[in-house]
>>> print(open('upload_3.cif').read())   # mmCIF, C-alpha atoms
data_input
loop_
_atom_site.label_atom_id
_atom_site.label_comp_id
_atom_site.auth_asym_id
_atom_site.auth_seq_id
_atom_site.Cartn_x
_atom_site.Cartn_y
_atom_site.Cartn_z
CA MET Y 28 -35.56 -7.12 35.74
CA ASN Y 29 -35.51 -3.85 37.64
CA LYS Y 30 -38.95 -3.29 39.22
CA HIS Y 31 -39.05 0.40 38.34
CA LEU Y 32 -38.22 -0.31 34.71
CA GLN Y 33 -41.00 -2.89 34.67
CA LEU Y 34 -43.47 -0.25 35.89
CA VAL Y 35 -42.35 2.17 33.17
CA ARG Y 36 -42.83 -0.55 30.59
CA GLU Y 37 -46.34 -1.05 31.96
CA PHE Y 38 -46.96 2.68 31.46
CA ARG Y 39 -45.64 2.57 27.89
CA GLU Y 40 -47.76 -0.47 27.03
CA LYS Y 41 -50.94 0.97 28.56
CA PHE Y 42 -50.70 4.15 26.53
CA ASP Y 43 -49.50 2.51 23.30
CA PHE Y 44 -46.07 4.08 23.14
CA PRO Y 45 -43.98 2.66 20.30
CA GLU Y 46 -42.35 -0.74 20.82
CA PRO Y 47 -38.69 -0.90 21.87
CA ASP Y 48 -36.25 -0.34 19.04
CA ASP Y 49 -32.52 -1.04 18.96
CA HIS Y 50 -31.88 1.97 16.75
CA ILE Y 51 -32.91 5.43 17.87
CA SER Y 52 -32.37 8.33 15.51
CA ASP Y 53 -30.07 11.21 16.36
CA MET Y 54 -33.07 13.55 16.36
CA HIS Y 55 -34.84 11.39 18.93
CA ILE Y 56 -31.73 11.49 21.15
CA VAL Y 57 -31.82 15.29 20.83
CA LEU Y 58 -35.51 15.30 21.79
CA ARG Y 59 -34.91 12.98 24.75
CA GLN Y 60 -32.05 15.21 25.87
CA ALA Y 61 -34.37 18.25 25.74
CA TRP Y 62 -36.86 16.40 27.97
CA LEU Y 63 -34.11 15.47 30.42
CA MET Y 64 -32.82 19.03 30.49
CA GLU Y 65 -36.34 20.30 31.20
CA ALA Y 66 -36.61 17.77 34.04
CA GLY Y 67 -33.23 18.90 35.35
CA LYS Y 68 -34.44 22.49 35.28
CA GLU Y 69 -37.53 21.43 37.25
CA VAL Y 70 -35.31 19.73 39.85
CA LEU Y 71 -33.01 22.73 40.18
CA LEU Y 72 -35.90 25.16 40.54
CA ALA Y 73 -37.39 22.92 43.25
CA ILE Y 74 -34.03 22.89 45.03
CA LYS Y 75 -33.95 26.68 44.88
CA GLN Y 76 -37.48 26.78 46.31
CA GLY Y 77 -36.40 24.43 49.11
CA ASP Y 78 -39.57 22.33 49.36
CA MET Y 79 -38.40 18.75 49.95
CA SER Y 80 -41.64 17.25 48.62
CA GLU Y 81 -41.31 19.23 45.38
CA ILE Y 82 -37.66 18.22 45.03
CA LEU Y 83 -38.60 14.55 45.50
CA THR Y 84 -41.44 14.82 42.97
CA ARG Y 85 -39.20 16.33 40.33
CA LEU Y 86 -36.30 13.95 41.00
CA THR Y 87 -38.75 11.08 40.57
CA GLY Y 88 -39.96 12.60 37.31
CA LEU Y 89 -36.36 12.80 36.11
CA VAL Y 90 -35.90 9.11 36.95
CA TYR Y 91 -39.13 8.26 35.15
CA LEU Y 92 -37.82 9.94 31.99
CA ALA Y 93 -34.49 8.12 32.22
CA LEU Y 94 -36.26 4.78 32.57
CA ASN Y 95 -38.55 5.64 29.65
CA ALA Y 96 -35.46 6.09 27.50
CA ILE Y 97 -34.21 2.66 28.56
CA ALA Y 98 -37.63 1.06 27.95
CA GLN Y 99 -37.79 2.67 24.52
CA ARG Y 100 -34.45 1.13 23.62
CA GLY Y 101 -35.40 -2.28 25.01
CA CYS Y 102 -32.30 -2.43 27.25
CA GLU Y 103 -32.80 -4.51 30.37
CA CYS Y 104 -29.49 -5.83 31.49
CA GLU Y 105 -27.87 -2.44 32.01
CA VAL Y 106 -30.34 -1.27 34.66
CA SER Y 107 -29.41 -2.25 38.17
CA GLU Y 108 -30.64 -1.28 41.57
CA PRO Y 109 -29.36 2.11 42.71
CA THR Y 110 -25.98 1.48 44.33
CA VAL Y 111 -24.29 4.82 43.81
CA PHE Y 112 -22.72 6.20 46.94
CA TRP Y 113 -22.80 9.93 47.03
CA ARG Y 114 -21.48 11.98 49.88
CA HIS Y 115 -23.01 15.38 50.32
CA ASP Y 116 -20.36 18.01 50.90
CA GLY Y 117 -22.75 20.56 52.36
CA THR Y 118 -23.51 22.52 49.20
CA VAL Y 119 -26.33 22.43 46.73
CA LEU Y 120 -23.80 23.23 44.02
CA SER Y 121 -22.35 19.72 44.28
CA LEU Y 122 -25.86 18.33 43.88
CA MET Y 123 -26.48 20.59 40.88
CA ARG Y 124 -23.19 19.57 39.25
CA MET Y 125 -23.82 15.88 39.75
CA ILE Y 126 -27.34 15.97 38.28
CA SER Y 127 -26.22 18.20 35.40
CA GLU Y 128 -23.26 15.94 34.60
CA ARG Y 129 -25.43 12.82 34.58
CA ILE Y 130 -28.00 14.49 32.33
CA ASN Y 131 -25.24 15.69 30.00
CA ALA Y 132 -23.82 12.16 29.79
CA CYS Y 133 -27.20 10.98 28.46
CA SER Y 134 -26.54 12.91 25.26
CA SER Y 135 -24.74 9.73 24.19
CA GLY Y 136 -28.12 8.00 23.84
CA LEU Y 137 -26.66 4.91 25.56
CA CYS Y 138 -28.71 2.90 28.03
CA LYS Y 139 -25.81 2.78 30.48
CA ASP Y 140 -25.85 6.58 30.80
CA TYR Y 141 -29.62 6.66 31.39
CA SER Y 142 -29.10 3.90 33.95
CA GLU Y 143 -26.44 5.91 35.75
CA LEU Y 144 -28.79 8.90 35.85
CA TYR Y 145 -31.45 6.62 37.34
CA CYS Y 146 -29.08 5.25 39.98
CA VAL Y 147 -27.62 8.61 41.01
CA THR Y 148 -31.00 10.32 41.19
CA ALA Y 149 -32.55 7.48 43.19
CA GLN Y 150 -29.62 7.62 45.61
CA VAL Y 151 -30.00 11.39 46.03
CA ALA Y 152 -33.72 10.99 46.72
CA SER Y 153 -33.05 8.33 49.33
CA SER Y 154 -30.03 9.78 51.09
CA PHE Y 155 -30.07 13.55 50.55
CA LEU Y 156 -33.83 13.93 50.94
CA ASN Y 157 -34.26 11.06 53.40
CA ALA Y 158 -37.16 9.70 51.38
CA ASP Y 159 -38.64 6.33 50.58
CA PHE Y 160 -37.70 6.35 46.92
CA ASP Y 161 -39.53 3.13 46.11
CA LYS Y 162 -42.77 4.53 47.55
CA ALA Y 163 -42.18 7.81 45.70
CA PHE Y 164 -41.64 6.00 42.41
CA ILE Y 165 -44.79 3.90 42.83
CA THR Y 166 -46.79 7.02 43.76
CA PHE Y 167 -45.47 8.83 40.68
CA HIS Y 168 -46.19 5.82 38.48
CA GLN Y 169 -49.78 5.49 39.77
CA HIS Y 170 -50.31 9.18 39.11
CA GLN Y 171 -48.98 8.74 35.56
CA LEU Y 172 -51.38 5.84 34.95
CA GLU Y 173 -54.36 7.79 36.28
CA LYS Y 174 -53.70 11.25 34.83
CA ARG Y 175 -51.89 10.60 31.57
CA GLY Y 176 -53.70 10.54 28.26
CA GLY Y 177 -52.80 7.99 25.62
CA TYR Y 178 -49.82 8.27 23.31
CA ARG Y 179 -50.39 10.57 20.41
CA HIS Y 180 -48.11 11.17 17.48
CA ASP Y 181 -47.61 14.71 18.73
CA ALA Y 182 -46.27 13.31 22.02
CA GLU Y 183 -42.89 14.66 21.02
CA CYS Y 184 -44.23 18.12 21.75
CA GLN Y 185 -45.44 17.22 25.23
CA GLY Y 186 -43.02 14.52 26.41
CA GLU Y 187 -43.84 11.70 28.78
CA ILE Y 188 -44.47 13.86 31.85
CA ASP Y 189 -46.85 16.76 32.37
CA TRP Y 190 -44.84 19.00 34.70
CA SER Y 191 -47.93 21.06 35.51
CA ASN Y 192 -49.78 18.04 36.94
CA LEU Y 193 -47.65 16.16 39.46
CA PRO Y 194 -48.51 14.10 42.55
CA ASP Y 195 -47.95 15.15 46.14
CA MET Y 196 -44.96 13.22 47.50
CA SER Y 197 -44.96 14.51 51.08
CA ALA Y 198 -46.04 11.08 52.41
CA CYS Y 199 -42.86 9.59 50.91
CA LEU Y 200 -40.52 11.69 53.04
CA TYR Y 201 -39.29 10.30 56.34
CA GLU Y 202 -39.74 12.56 59.34
#
>>> encode(input="upload_3.cif", output="structure tokens")
Amino acid sequence: MNKHLQLVREFREKFDFPEPDDHISDMHIVLRQAWLMEAGKEVLLAIKQGDMSEILTRLTGLVYLALNAIAQRGCECEVSEPTVFWRHDGTVLSLMRMISERINACSSGLCKDYSELYCVTAQVASSFLNADFDKAFITFHQHQLEKRGGYRHDAECQGEIDWSNLPDMSACLYE
């Protein structure tokens, strides 16, 4: 099993999120898409700001949401290690398009699309930002375990990530 997915499952179990379910309602897919779009907005605003640590933090949050969707569905076999090869053409617009397209594809509600978002975003964090993505993910996960409150039935209003309370990822960037 993918080690990052295993950590997200640990998070979901610790805070009593609902058990995996093969069937997810259309309204839950809409809600999940709203969370992903919010995460995408956070990433794009960080890119505009230009702070590499902030970009890494928000990319990692986006990945965390994608893996939460997979964990919620109970899909394991479709998540692989990030192997996407992305070549930066010198513009942030190509980065914006790629992230936006992958988020849009997740509107299908299929695990394979969430997995592709995970793989692409992890690759961007590693290659574009020159970061230790594994360290960043573990740092983000530890922060989630320490700062997150338990699952509440109104969690749909707040999502799985508190964007106002994120960890510092500067130690995860290579010099």
>>> closest_residue(input="upload_3.cif", among="Y:Asn157, Y:Asn192, Y:Gln76, Y:Asn131", to="Glu143 in chain Y", atoms="all atoms listed in the file")
Y:Asn131
>>> resolve_selection(input="upload_3.cif", expression="the PyMOL selection byres ((chain Y and resi 170) around 12)", output="PDB file with C-alpha atoms, in the frame of the given file")
ATOM      1  CA  PHE Y  38     -46.960   2.680  31.460  1.00  0.00           C
ATOM      2  CA  THR Y  84     -41.440  14.820  42.970  1.00  0.00           C
ATOM      3  CA  THR Y  87     -38.750  11.080  40.570  1.00  0.00           C
ATOM      4  CA  GLY Y  88     -39.960  12.600  37.310  1.00  0.00           C
ATOM      5  CA  TYR Y  91     -39.130   8.260  35.150  1.00  0.00           C
ATOM      6  CA  ALA Y 163     -42.180   7.810  45.700  1.00  0.00           C
ATOM      7  CA  PHE Y 164     -41.640   6.000  42.410  1.00  0.00           C
ATOM      8  CA  ILE Y 165     -44.790   3.900  42.830  1.00  0.00           C
ATOM      9  CA  THR Y 166     -46.790   7.020  43.760  1.00  0.00           C
ATOM     10  CA  PHE Y 167     -45.470   8.830  40.680  1.00  0.00           C
ATOM     11  CA  HIS Y 168     -46.190   5.820  38.480  1.00  0.00           C
ATOM     12  CA  GLN Y 169     -49.780   5.490  39.770  1.00  0.00           C
ATOM     13  CA  GLN Y 171     -48.980   8.740  35.560  1.00  0.00           C
ATOM     14  CA  LEU Y 172     -51.380   5.840  34.950  1.00  0.00           C
ATOM     15  CA  GLU Y 173     -54.360   7.790  36.280  1.00  0.00           C
ATOM     16  CA  LYS Y 174     -53.700  11.250  34.830  1.00  0.00           C
ATOM     17  CA  ARG Y 175     -51.890  10.600  31.570  1.00  0.00           C
ATOM     18  CA  GLY Y 176     -53.700  10.540  28.260  1.00  0.00           C
ATOM     19  CA  ILE Y 188     -44.470  13.860  31.850  1.00  0.00           C
ATOM     20  CA  ASP Y 189     -46.850  16.760  32.370  1.00  0.00           C
ATOM     21  CA  ASN Y 192     -49.780  18.040  36.940  1.00  0.00           C
ATOM     22  CA  LEU Y 193     -47.650  16.160  39.460  1.00  0.00           C
ATOM     23  CA  PRO Y 194     -48.510  14.100  42.550  1.00  0.00           C
ATOM     24  CA  ASP Y 195     -47.950  15.150  46.140  1.00  0.00           C
ATOM     25  CA  MET Y 196     -44.960  13.220  47.500  1.00  0.00           C
TER      26      MET Y 196
END
>>> residues_around(input="upload_3.cif", residues="range 52-61 of chain Y", least_positions_apart="5", cutoff="9 Å", atoms="all atoms listed in the file", output="list in words")
Ala66, Leu92, Ala93, Ala96, Ile130, Asn131, Cys133, Ser134, Ser135, Gly136, Glu183 and Gly186 of chain Y
>>> closest_residue(input="upload_3.cif", among="Y:Glu187, Y:Glu37, Y:Asp161, Y:Asp43", to="Cys199 in chain Y", atoms="all atoms listed in the file")
Y:Asp161
>>> closest_residue(input="upload_3.cif", among="Y:Leu156, Y:Lys30, Y:Asn95, Y:Val90", to="Gly77 in chain Y", atoms="all atoms listed in the file")
Y:Leu156
>>> resolve_selection(input="upload_3.cif", expression="the PyMOL selection byres ((chain Y and resi 201) around 12)", output="list in words")
Met79, Ser80, Leu83, Ala152, Ser153, Ser154, Phe155, Leu156, Asn157, Ala158, Asp159, Phe160, Lys162, Ala163, Met196, Ser197, Ala198, Cys199, Leu200 and Glu202 of chain Y
>>> closest_residue(input="upload_3.cif", among="Y:Cys146, Y:Ile74, Y:Met64, Y:Ile126", to="Leu32 in chain Y", atoms="all atoms listed in the file")
Y:Cys146
>>> atom_distance(input="upload_3.cif", atom1="CA of Cys102 in chain Y", atom2="CA of Cys138 in chain Y")
6.5 Å
>>> resolve_selection(input="upload_3.cif", expression="the PyMOL selection byres ((chain Y and resi 47) around 8)", output="JSON, numbers by chain")
{"Y": [45, 46, 48, 49, 98, 99, 100, 101]}
>>> atom_distance(input="upload_3.cif", atom1="CA of Lys75 in chain Y", atom2="CA of Ala132 in chain Y")
23.3 Å
>>> atom_distance(input="upload_3.cif", atom1="CA of Gln33 in chain Y", atom2="CA of Ala149 in chain Y")
15.9 Å
>>> closest_residue(input="upload_3.cif", among="Y:His50, Y:Leu89, Y:Val119, Y:Glu81", to="Leu63 in chain Y", atoms="all atoms listed in the file")
Y:Leu89
>>> closest_residue(input="upload_3.cif", among="Y:Glu128, Y:Trp190, Y:Lys139, Y:Leu94", to="His31 in chain Y", atoms="only C-alpha atoms")
Y:Leu94
